[in-house]
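> Structure: protein_20.cif, mmCIF, C-alpha atoms, pLDDT in the B column; chains and numbers go by the auth columns.
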data_coords
#
loop_
_atom_site.group_PDB
_atom_site.id
_atom_site.type_symbol
_atom_site.label_atom_id
_atom_site.label_comp_id
_atom_site.label_asym_id
_atom_site.label_seq_id
_atom_site.Cartn_x
_atom_site.Cartn_y
_atom_site.Cartn_z
_atom_site.B_iso_or_equiv
_atom_site.auth_seq_id
_atom_site.auth_asym_id
ATOM 1 C CA MET A 1 -3.728 36.583 45.848 55.00 116 R
ATOM 2 C CA ARG A 2 -6.628 38.333 44.148 54.00 117 R
ATOM 3 C CA VAL A 3 -7.611 39.191 40.612 55.00 118 R
ATOM 4 C CA VAL A 4 -9.340 42.558 40.450 54.00 119 R
ATOM 5 C CA SER A 5 -11.203 43.748 37.372 60.00 120 R
ATOM 6 C CA PRO A 6 -10.761 47.375 36.392 60.00 121 R
ATOM 7 C CA SER A 7 -13.430 49.300 38.302 70.00 122 R
ATOM 8 C CA LEU A 8 -13.866 53.052 38.533 76.00 123 R
ATOM 9 C CA LYS A 9 -15.574 52.681 41.900 82.00 124 R
ATOM 10 C CA ARG A 10 -12.707 50.625 43.357 81.00 125 R
ATOM 11 C CA LEU A 11 -10.160 53.001 41.894 80.00 126 R
ATOM 12 C CA VAL A 12 -11.861 56.023 43.482 86.00 127 R
ATOM 13 C CA GLN A 13 -12.175 54.226 46.822 89.00 128 R
ATOM 14 C CA ALA A 14 -8.495 53.250 46.805 88.00 129 R
ATOM 15 C CA TYR A 15 -7.422 56.843 46.215 90.00 130 R
ATOM 16 C CA GLU A 16 -9.837 58.157 48.851 93.00 131 R
ATOM 17 C CA VAL A 17 -8.240 55.862 51.419 94.00 132 R
ATOM 18 C CA ARG A 18 -4.774 56.851 50.265 93.00 133 R
ATOM 19 C CA GLY A 19 -5.591 60.569 50.523 95.00 134 R
ATOM 20 C CA VAL A 20 -6.945 60.307 54.055 96.00 135 R
ATOM 21 C CA LEU A 21 -4.006 58.212 55.264 97.00 136 R
ATOM 22 C CA GLU A 22 -1.346 60.330 53.598 96.00 137 R
ATOM 23 C CA ALA A 23 -2.840 63.591 54.853 98.00 138 R
ATOM 24 C CA GLY A 24 -2.799 62.239 58.394 98.00 139 R
ATOM 25 C CA ALA A 25 0.728 60.912 58.005 98.00 140 R
ATOM 26 C CA ALA A 26 1.999 64.251 56.657 98.00 141 R
ATOM 27 C CA ARG A 27 0.351 66.071 59.571 98.00 142 R
ATOM 28 C CA LEU A 28 1.958 63.737 62.106 98.00 143 R
ATOM 29 C CA ALA A 29 5.360 63.905 60.388 98.00 144 R
ATOM 30 C CA ALA A 30 5.262 67.720 60.459 98.00 145 R
ATOM 31 C CA ASN A 31 4.387 67.635 64.163 97.00 146 R
ATOM 32 C CA GLY A 32 6.625 64.855 65.387 95.00 147 R
ATOM 33 C CA GLY A 33 9.290 64.060 62.836 97.00 148 R
ATOM 34 C CA THR A 34 12.888 64.708 63.800 98.00 149 R
ATOM 35 C CA GLU A 35 14.938 67.215 61.856 98.00 150 R
ATOM 36 C CA ALA A 36 16.903 64.345 60.321 98.00 151 R
ATOM 37 C CA GLU A 37 13.682 62.616 59.230 98.00 152 R
ATOM 38 C CA LYS A 38 12.331 65.844 57.772 98.00 153 R
ATOM 39 C CA HIS A 39 15.539 66.388 55.802 98.00 154 R
ATOM 40 C CA THR A 40 15.405 62.803 54.534 98.00 155 R
ATOM 41 C CA ILE A 41 11.833 63.445 53.348 98.00 156 R
ATOM 42 C CA MET A 42 12.952 66.645 51.615 98.00 157 R
ATOM 43 C CA ASP A 43 15.870 64.847 49.959 98.00 158 R
ATOM 44 C CA ALA A 44 13.597 62.091 48.641 98.00 159 R
ATOM 45 C CA ALA A 45 11.131 64.696 47.353 98.00 160 R
ATOM 46 C CA ALA A 46 13.870 66.638 45.567 98.00 161 R
ATOM 47 C CA ARG A 47 15.252 63.448 44.037 98.00 162 R
ATOM 48 C CA SER A 48 11.789 62.392 42.846 97.00 163 R
ATOM 49 C CA LEU A 49 11.380 65.755 41.119 97.00 164 R
ATOM 50 C CA SER A 50 14.857 65.588 39.603 97.00 165 R
ATOM 51 C CA ALA A 51 14.216 62.098 38.225 95.00 166 R
ATOM 52 C CA ALA A 52 10.877 63.252 36.801 93.00 167 R
ATOM 53 C CA GLU A 53 12.465 66.275 35.133 94.00 168 R
ATOM 54 C CA PHE A 54 15.053 64.019 33.489 94.00 169 R
ATOM 55 C CA GLY A 55 12.361 61.630 32.280 91.00 170 R
ATOM 56 C CA ASP A 56 13.704 58.843 34.497 93.00 171 R
ATOM 57 C CA ARG A 57 10.450 57.009 35.278 88.00 172 R
ATOM 58 C CA GLU A 58 12.160 54.182 37.173 91.00 173 R
ATOM 59 C CA GLY A 59 14.139 56.661 39.257 95.00 174 R
ATOM 60 C CA PHE A 60 10.995 58.653 39.911 92.00 175 R
ATOM 61 C CA ALA A 61 9.092 55.528 40.979 89.00 176 R
ATOM 62 C CA SER A 62 11.885 54.553 43.359 94.00 177 R
ATOM 63 C CA TRP A 63 12.135 57.996 44.978 96.00 178 R
ATOM 64 C CA ASP A 64 8.343 58.316 45.052 94.00 179 R
ATOM 65 C CA GLY A 65 8.146 55.164 47.156 93.00 180 R
ATOM 66 C CA ILE A 66 10.962 56.291 49.439 96.00 181 R
ATOM 67 C CA PHE A 67 9.330 59.717 49.882 97.00 182 R
ATOM 68 C CA HIS A 68 5.993 58.266 50.947 96.00 183 R
ATOM 69 C CA ARG A 69 7.555 55.588 53.190 96.00 184 R
ATOM 70 C CA GLU A 70 9.771 58.161 54.932 98.00 185 R
ATOM 71 C CA ILE A 71 6.751 60.321 55.729 98.00 186 R
ATOM 72 C CA ALA A 72 4.969 57.292 57.164 97.00 187 R
ATOM 73 C CA ALA A 73 8.050 56.331 59.209 97.00 188 R
ATOM 74 C CA ALA A 74 8.327 59.866 60.620 98.00 189 R
ATOM 75 C CA THR A 75 4.862 59.492 62.190 97.00 190 R
ATOM 76 C CA LYS A 76 6.336 57.028 64.727 96.00 191 R
ATOM 77 C CA ASN A 77 3.136 55.004 64.265 97.00 192 R
ATOM 78 C CA PRO A 78 3.955 51.572 62.817 96.00 193 R
ATOM 79 C CA ARG A 79 0.281 50.724 62.319 97.00 194 R
ATOM 80 C CA LEU A 80 -0.246 53.883 60.257 96.00 195 R
ATOM 81 C CA ALA A 81 2.943 53.166 58.293 96.00 196 R
ATOM 82 C CA VAL A 82 1.603 49.727 57.343 96.00 197 R
ATOM 83 C CA LEU A 83 -1.750 51.188 56.285 96.00 198 R
ATOM 84 C CA VAL A 84 -0.041 53.876 54.192 95.00 199 R
ATOM 85 C CA GLU A 85 2.171 51.254 52.545 93.00 200 R
ATOM 86 C CA ASN A 86 -0.882 49.090 51.792 93.00 201 R
ATOM 87 C CA ALA A 87 -2.762 52.035 50.250 92.00 202 R
ATOM 88 C CA LEU A 88 0.277 53.046 48.192 89.00 203 R
ATOM 89 C CA SER A 89 0.804 49.479 47.014 88.00 204 R
ATOM 90 C CA LEU A 90 -2.809 49.117 45.949 84.00 205 R
ATOM 91 C CA THR A 91 -2.928 52.392 44.019 82.00 206 R
ATOM 92 C CA ARG A 92 0.496 51.722 42.489 79.00 207 R
ATOM 93 C CA VAL A 93 -0.566 48.269 41.277 75.00 208 R
ATOM 94 C CA LEU A 94 -3.834 49.590 39.867 70.00 209 R
ATOM 95 C CA ARG A 95 -2.054 52.457 38.145 67.00 210 R
ATOM 96 C CA GLN A 96 0.755 50.316 36.715 64.00 211 R
ATOM 97 C CA ARG A 97 -1.599 47.619 35.544 56.00 212 R
ATOM 98 C CA ASP A 98 -4.132 49.886 33.889 53.00 213 R
ATOM 99 C CA PHE A 99 -2.114 53.020 33.022 52.00 214 R
ATOM 100 C CA PRO A 100 1.595 52.225 32.775 49.00 215 R
ATOM 101 C CA ALA A 101 3.895 55.252 32.455 48.00 216 R
ATOM 102 C CA LYS A 102 1.101 57.729 31.820 53.00 217 R
ATOM 103 C CA THR A 103 0.865 59.968 34.879 63.00 218 R
ATOM 104 C CA ASP A 104 2.527 63.378 35.137 81.00 219 R
ATOM 105 C CA THR A 105 5.607 62.603 37.210 88.00 220 R
ATOM 106 C CA THR A 106 6.882 66.191 37.101 92.00 221 R
ATOM 107 C CA LYS A 107 3.685 67.470 38.712 93.00 222 R
ATOM 108 C CA CYS A 108 3.932 64.697 41.315 93.00 223 R
ATOM 109 C CA GLY A 109 7.575 65.531 42.041 95.00 224 R
ATOM 110 C CA THR A 110 6.729 69.215 42.415 96.00 225 R
ATOM 111 C CA GLN A 111 3.971 68.308 44.846 97.00 226 R
ATOM 112 C CA HIS A 112 6.370 66.063 46.777 97.00 227 R
ATOM 113 C CA VAL A 113 8.674 69.047 47.283 98.00 228 R
ATOM 114 C CA ALA A 114 5.767 71.219 48.479 98.00 229 R
ATOM 115 C CA ILE A 115 4.632 68.542 50.952 98.00 230 R
ATOM 116 C CA ALA A 116 8.203 68.023 52.177 98.00 231 R
ATOM 117 C CA ASN A 117 8.688 71.757 52.632 98.00 232 R
ATOM 118 C CA ALA A 118 5.540 72.003 54.776 98.00 233 R
ATOM 119 C CA ILE A 119 6.765 69.050 56.858 98.00 234 R
ATOM 120 C CA LEU A 120 10.256 70.548 57.164 98.00 235 R
ATOM 121 C CA MET A 121 8.767 73.867 58.299 98.00 236 R
ATOM 122 C CA GLY A 122 6.689 72.052 60.926 98.00 237 R
ATOM 123 C CA ASN A 123 3.378 73.146 59.409 98.00 238 R
ATOM 124 C CA PRO A 124 1.001 70.207 59.961 98.00 239 R
ATOM 125 C CA VAL A 125 -2.081 71.875 58.458 98.00 240 R
ATOM 126 C CA ASP A 126 -0.291 72.804 55.233 98.00 241 R
ATOM 127 C CA ALA A 127 1.423 69.400 55.037 98.00 242 R
ATOM 128 C CA ALA A 128 -1.893 67.569 55.404 98.00 243 R
ATOM 129 C CA MET A 129 -3.621 69.818 52.879 98.00 244 R
ATOM 130 C CA LYS A 130 -0.842 69.404 50.304 98.00 245 R
ATOM 131 C CA ALA A 131 -0.707 65.612 50.803 97.00 246 R
ATOM 132 C CA ALA A 132 -4.470 65.307 50.370 96.00 247 R
ATOM 133 C CA GLN A 133 -4.318 67.480 47.247 96.00 248 R
ATOM 134 C CA HIS A 134 -1.492 65.350 45.860 95.00 249 R
ATOM 135 C CA ALA A 135 -3.474 62.127 46.316 93.00 250 R
ATOM 136 C CA ASP A 136 -6.530 63.782 44.754 93.00 251 R
ATOM 137 C CA ASP A 137 -4.529 65.083 41.786 92.00 252 R
ATOM 138 C CA VAL A 138 -3.013 61.661 41.121 89.00 253 R
ATOM 139 C CA GLN A 139 -6.489 60.158 41.349 88.00 254 R
ATOM 140 C CA GLN A 140 -7.783 62.701 38.821 88.00 255 R
ATOM 141 C CA MET A 141 -4.911 61.913 36.421 85.00 256 R
ATOM 142 C CA VAL A 142 -5.716 58.216 36.617 81.00 257 R
ATOM 143 C CA LEU A 143 -9.478 58.766 36.286 80.00 258 R
ATOM 144 C CA LYS A 144 -8.920 60.933 33.222 80.00 259 R
ATOM 145 C CA LEU A 145 -7.005 58.058 31.648 75.00 260 R
ATOM 146 C CA ALA A 146 -9.746 55.637 32.722 70.00 261 R
ATOM 147 C CA ASN A 147 -12.334 57.760 30.965 68.00 262 R
ATOM 148 C CA LEU A 148 -10.231 57.647 27.807 57.00 263 R
ATOM 149 C CA ARG A 149 -10.216 53.843 27.974 55.00 264 R
ATOM 150 C CA GLY A 150 -13.900 53.751 28.975 54.00 265 R
ATOM 151 C CA SER A 151 -15.439 50.424 28.071 47.00 266 R
ATOM 152 C CA GLU A 152 -12.836 48.273 29.886 53.00 267 R
ATOM 153 C CA PHE A 153 -13.953 49.576 33.260 51.00 268 R
ATOM 154 C CA VAL A 154 -16.929 48.348 35.182 49.00 269 R
ATOM 155 C CA LYS A 155 -18.860 51.015 37.051 52.00 270 R
ATOM 156 C CA GLY A 156 -19.146 49.082 40.319 50.00 271 R
#
Taking this structure as input, can you express it in the form of structure tokens?

Amino acid sequence: MRVVSPSLKRLVQAYEVRGVLEAGAARLAANGGTEAEKHTIMDAAARSLSAAEFGDREGFASWDGIFHREIAAATKNPRLAVLVENALSLTRVLRQRDFPAKTDTTKCGTQHVAIANAILMGNPVDAAMKAAQHADDVQQMVLKLANLRGSEFVKG
């Protein structure tokens, strides 16, 4: 167990790791995922967007986790799946602790659908690009909130 002080540097680093891992996972899922896995990813993405549009934050959070885990599972690389889960857990904890219920879930859900569509179409380059952009956009949302809260965050 660790206690981590709010830190902009740590927050940025956590999202950088997440972006790299998720881009790679999306690329591998687009290349090697089965049709059933790809449809499961698309279903989770659509459900995350639907929950977001209805303002169901708990539903969104649940489907968000399923979406990202299904992509990782479709890589057929258990080591990568564990790393993705660790990165997601870290960013989720940091976000929930410091910025509960403040990110744009509709934008995230829309991006989930775009990533899932690229995976479903078997387009690894587009899937990786969209996944990296998604991680970067979530990071920017969180950093914008961090800047609004300013003095609580250490720079290092």
> Exactly which residues make up the result of the PyMOL selection byres ((chain R and resi 165) around 12) on this file, given as a PyMOL selection string?
chain R and resi 158-164+166-176+178-179+220-225+227-228
> Stretch 152-208 of chain R near stretch 244-257 of chain R within 12 Å: what's each residue's closest atom pair and its distance in Å to one decimal, counting only C-alpha atoms, ordered by chain then ascending residue number, as JSON lines?

{"residue": "R:Phe182", "atom": "CA", "partner": "R:Ala246", "partner_atom": "CA", "distance": 11.7}
{"residue": "R:His183", "atom": "CA", "partner": "R:Ala246", "partner_atom": "CA", "distance": 9.9}
{"residue": "R:Ile186", "atom": "CA", "partner": "R:Ala246", "partner_atom": "CA", "distance": 10.4}
{"residue": "R:Ala187", "atom": "CA", "partner": "R:Ala246", "partner_atom": "CA", "distance": 11.9}
{"residue": "R:Val199", "atom": "CA", "partner": "R:Ala250", "partner_atom": "CA", "distance": 11.9}
{"residue": "R:Ala202", "atom": "CA", "partner": "R:Ala250", "partner_atom": "CA", "distance": 10.9}
{"residue": "R:Leu203", "atom": "CA", "partner": "R:Ala250", "partner_atom": "CA", "distance": 10.0}
{"residue": "R:Thr206", "atom": "CA", "partner": "R:Gln254", "partner_atom": "CA", "distance": 9.0}
{"residue": "R:Arg207", "atom": "CA", "partner": "R:Val253", "partner_atom": "CA", "distance": 10.6}
> Could you please take those selected residues and save C-alpha atoms as a tab-separated table (two decimals), in the frame of the given file?

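Final file, result12.tsv:
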chain	number	residue	atom	x	y	z
R	182	PHE	CA	9.33	59.72	49.88
R	183	HIS	CA	5.99	58.27	50.95
R	186	ILE	CA	6.75	60.32	55.73
R	187	ALA	CA	4.97	57.29	57.16
R	199	VAL	CA	-0.04	53.88	54.19
R	202	ALA	CA	-2.76	52.04	50.25
R	203	LEU	CA	0.28	53.05	48.19
R	206	THR	CA	-2.93	52.39	44.02
R	207	ARG	CA	0.50	51.72	42.49
> Within 8 Å of R:Arg142, counting only C-alpha atoms, which residues qualify if same-chain residues fewer than 3 places away don't, as a list of chain:residue names?
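The residues that qualify are R:Ala138, R:Gly139, R:Ala145, R:Asn146, R:Ile234, R:Asn238, R:Pro239, R:Val240, R:Ala242, R:Ala243.
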> In Å, rounded to a single decimal, give me how far atom CA of R:Leu195 is from atom CA of R:Glu152.
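We find that atom CA of R:Glu152 and atom CA of R:Leu195 lie 16.5 Å from each other.
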> What is the atom CA of R:Leu198 to atom CA of R:Val135 distance in Å?
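Computing the Euclidean distance for atom CA of R:Leu198 and atom CA of R:Val135 yields 10.7 Å.
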> Just checking: using only C-alpha atoms, which residue out of R:Val132, R:Val208, R:Ala140, R:Val127 ends up closest to R:Arg194?
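Among R:Val132, R:Val208, R:Ala140, R:Val127, it is R:Ala140 that comes nearest to R:Arg194.
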> Could you expand the PyMOL selection byres ((chain R and resi 148) around 10) into the explicit residues it covers here, written as an mmCIF file with C-alpha atoms, keeping the file's coordinate frame?

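The new file result20.cif reads:
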data_model
loop_
_atom_site.group_PDB
_atom_site.id
_atom_site.type_symbol
_atom_site.label_atom_id
_atom_site.label_comp_id
_atom_site.auth_asym_id
_atom_site.auth_seq_id
_atom_site.Cartn_x
_atom_site.Cartn_y
_atom_site.Cartn_z
ATOM 1 C CA ALA R 141 1.999 64.251 56.657
ATOM 2 C CA ARG R 142 0.351 66.071 59.571
ATOM 3 C CA LEU R 143 1.958 63.737 62.106
ATOM 4 C CA ALA R 144 5.360 63.905 60.388
ATOM 5 C CA ALA R 145 5.262 67.720 60.459
ATOM 6 C CA ASN R 146 4.387 67.635 64.163
ATOM 7 C CA GLY R 147 6.625 64.855 65.387
ATOM 8 C CA THR R 149 12.888 64.708 63.800
ATOM 9 C CA GLU R 150 14.938 67.215 61.856
ATOM 10 C CA ALA R 151 16.903 64.345 60.321
ATOM 11 C CA GLU R 152 13.682 62.616 59.230
ATOM 12 C CA LYS R 153 12.331 65.844 57.772
ATOM 13 C CA HIS R 154 15.539 66.388 55.802
ATOM 14 C CA ILE R 156 11.833 63.445 53.348
ATOM 15 C CA GLU R 185 9.771 58.161 54.932
ATOM 16 C CA ILE R 186 6.751 60.321 55.729
ATOM 17 C CA ALA R 187 4.969 57.292 57.164
ATOM 18 C CA ALA R 188 8.050 56.331 59.209
ATOM 19 C CA ALA R 189 8.327 59.866 60.620
ATOM 20 C CA THR R 190 4.862 59.492 62.190
ATOM 21 C CA LYS R 191 6.336 57.028 64.727
ATOM 22 C CA ILE R 234 6.765 69.050 56.858
ATOM 23 C CA LEU R 235 10.256 70.548 57.164
ATOM 24 C CA GLY R 237 6.689 72.052 60.926
#
> To one decimal in Å, tell me the separation between atom CA of R:Asn201 and atom CA of R:Ala261.
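Computed distance, atom CA of R:Asn201 to atom CA of R:Ala261, equals 22.0 Å.
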> Using all atoms listed in the file, which of R:Asp219, R:Pro193, R:Ile230, R:Leu260 sits nearest R:Leu123?
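Counting all atoms listed in the file, the residue closest to R:Leu123 is R:Leu260.
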> Regenerate stretch 223-242 of chain R at the level of N, CA and C atoms and dump it as an mmCIF file, in the frame of the given file.

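Listed below is the output, result_28.cif:
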data_model
loop_
_atom_site.group_PDB
_atom_site.id
_atom_site.type_symbol
_atom_site.label_atom_id
_atom_site.label_comp_id
_atom_site.auth_asym_id
_atom_site.auth_seq_id
_atom_site.Cartn_x
_atom_site.Cartn_y
_atom_site.Cartn_z
ATOM 1 N N CYS R 223 3.840 65.445 40.054
ATOM 2 C CA CYS R 223 3.932 64.697 41.315
ATOM 3 C C CYS R 223 5.196 65.079 42.083
ATOM 4 N N GLY R 224 6.323 65.149 41.390
ATOM 5 C CA GLY R 224 7.575 65.531 42.041
ATOM 6 C C GLY R 224 7.515 66.925 42.632
ATOM 7 N N THR R 225 6.900 67.848 41.911
ATOM 8 C CA THR R 225 6.729 69.215 42.415
ATOM 9 C C THR R 225 5.869 69.215 43.670
ATOM 10 N N GLN R 226 4.823 68.407 43.658
ATOM 11 C CA GLN R 226 3.971 68.308 44.846
ATOM 12 C C GLN R 226 4.717 67.652 46.005
ATOM 13 N N HIS R 227 5.561 66.677 45.722
ATOM 14 C CA HIS R 227 6.370 66.063 46.777
ATOM 15 C C HIS R 227 7.211 67.131 47.484
ATOM 16 N N VAL R 228 7.833 67.993 46.700
ATOM 17 C CA VAL R 228 8.674 69.047 47.283
ATOM 18 C C VAL R 228 7.834 69.991 48.147
ATOM 19 N N ALA R 229 6.638 70.329 47.694
ATOM 20 C CA ALA R 229 5.767 71.219 48.479
ATOM 21 C C ALA R 229 5.344 70.558 49.792
ATOM 22 N N ILE R 230 5.003 69.276 49.739
ATOM 23 C CA ILE R 230 4.632 68.542 50.952
ATOM 24 C C ILE R 230 5.830 68.483 51.902
ATOM 25 N N ALA R 231 6.993 68.130 51.360
ATOM 26 C CA ALA R 231 8.203 68.023 52.177
ATOM 27 C C ALA R 231 8.558 69.358 52.814
ATOM 28 N N ASN R 232 8.389 70.438 52.082
ATOM 29 C CA ASN R 232 8.688 71.757 52.632
ATOM 30 C C ASN R 232 7.766 72.082 53.804
ATOM 31 N N ALA R 233 6.482 71.762 53.670
ATOM 32 C CA ALA R 233 5.540 72.003 54.776
ATOM 33 C C ALA R 233 5.919 71.156 55.994
ATOM 34 N N ILE R 234 6.331 69.914 55.751
ATOM 35 C CA ILE R 234 6.765 69.050 56.858
ATOM 36 C C ILE R 234 8.030 69.613 57.495
ATOM 37 N N LEU R 235 8.992 69.998 56.667
ATOM 38 C CA LEU R 235 10.256 70.548 57.164
ATOM 39 C C LEU R 235 10.026 71.810 57.996
ATOM 40 N N MET R 236 9.076 72.623 57.584
ATOM 41 C CA MET R 236 8.767 73.867 58.299
ATOM 42 C C MET R 236 7.911 73.620 59.544
ATOM 43 N N GLY R 237 7.501 72.373 59.752
ATOM 44 C CA GLY R 237 6.689 72.052 60.926
ATOM 45 C C GLY R 237 5.279 72.589 60.834
ATOM 46 N N ASN R 238 4.729 72.625 59.619
ATOM 47 C CA ASN R 238 3.378 73.146 59.409
ATOM 48 C C ASN R 238 2.424 71.981 59.113
ATOM 49 N N PRO R 239 1.817 71.401 60.154
ATOM 50 C CA PRO R 239 1.001 70.207 59.961
ATOM 51 C C PRO R 239 -0.252 70.439 59.114
ATOM 52 N N VAL R 240 -0.860 71.593 59.238
ATOM 53 C CA VAL R 240 -2.081 71.875 58.458
ATOM 54 C C VAL R 240 -1.752 71.949 56.974
ATOM 55 N N ASP R 241 -0.696 72.668 56.634
ATOM 56 C CA ASP R 241 -0.291 72.804 55.233
ATOM 57 C C ASP R 241 0.191 71.459 54.678
ATOM 58 N N ALA R 242 0.937 70.711 55.483
ATOM 59 C CA ALA R 242 1.423 69.400 55.037
ATOM 60 C C ALA R 242 0.261 68.470 54.731
#
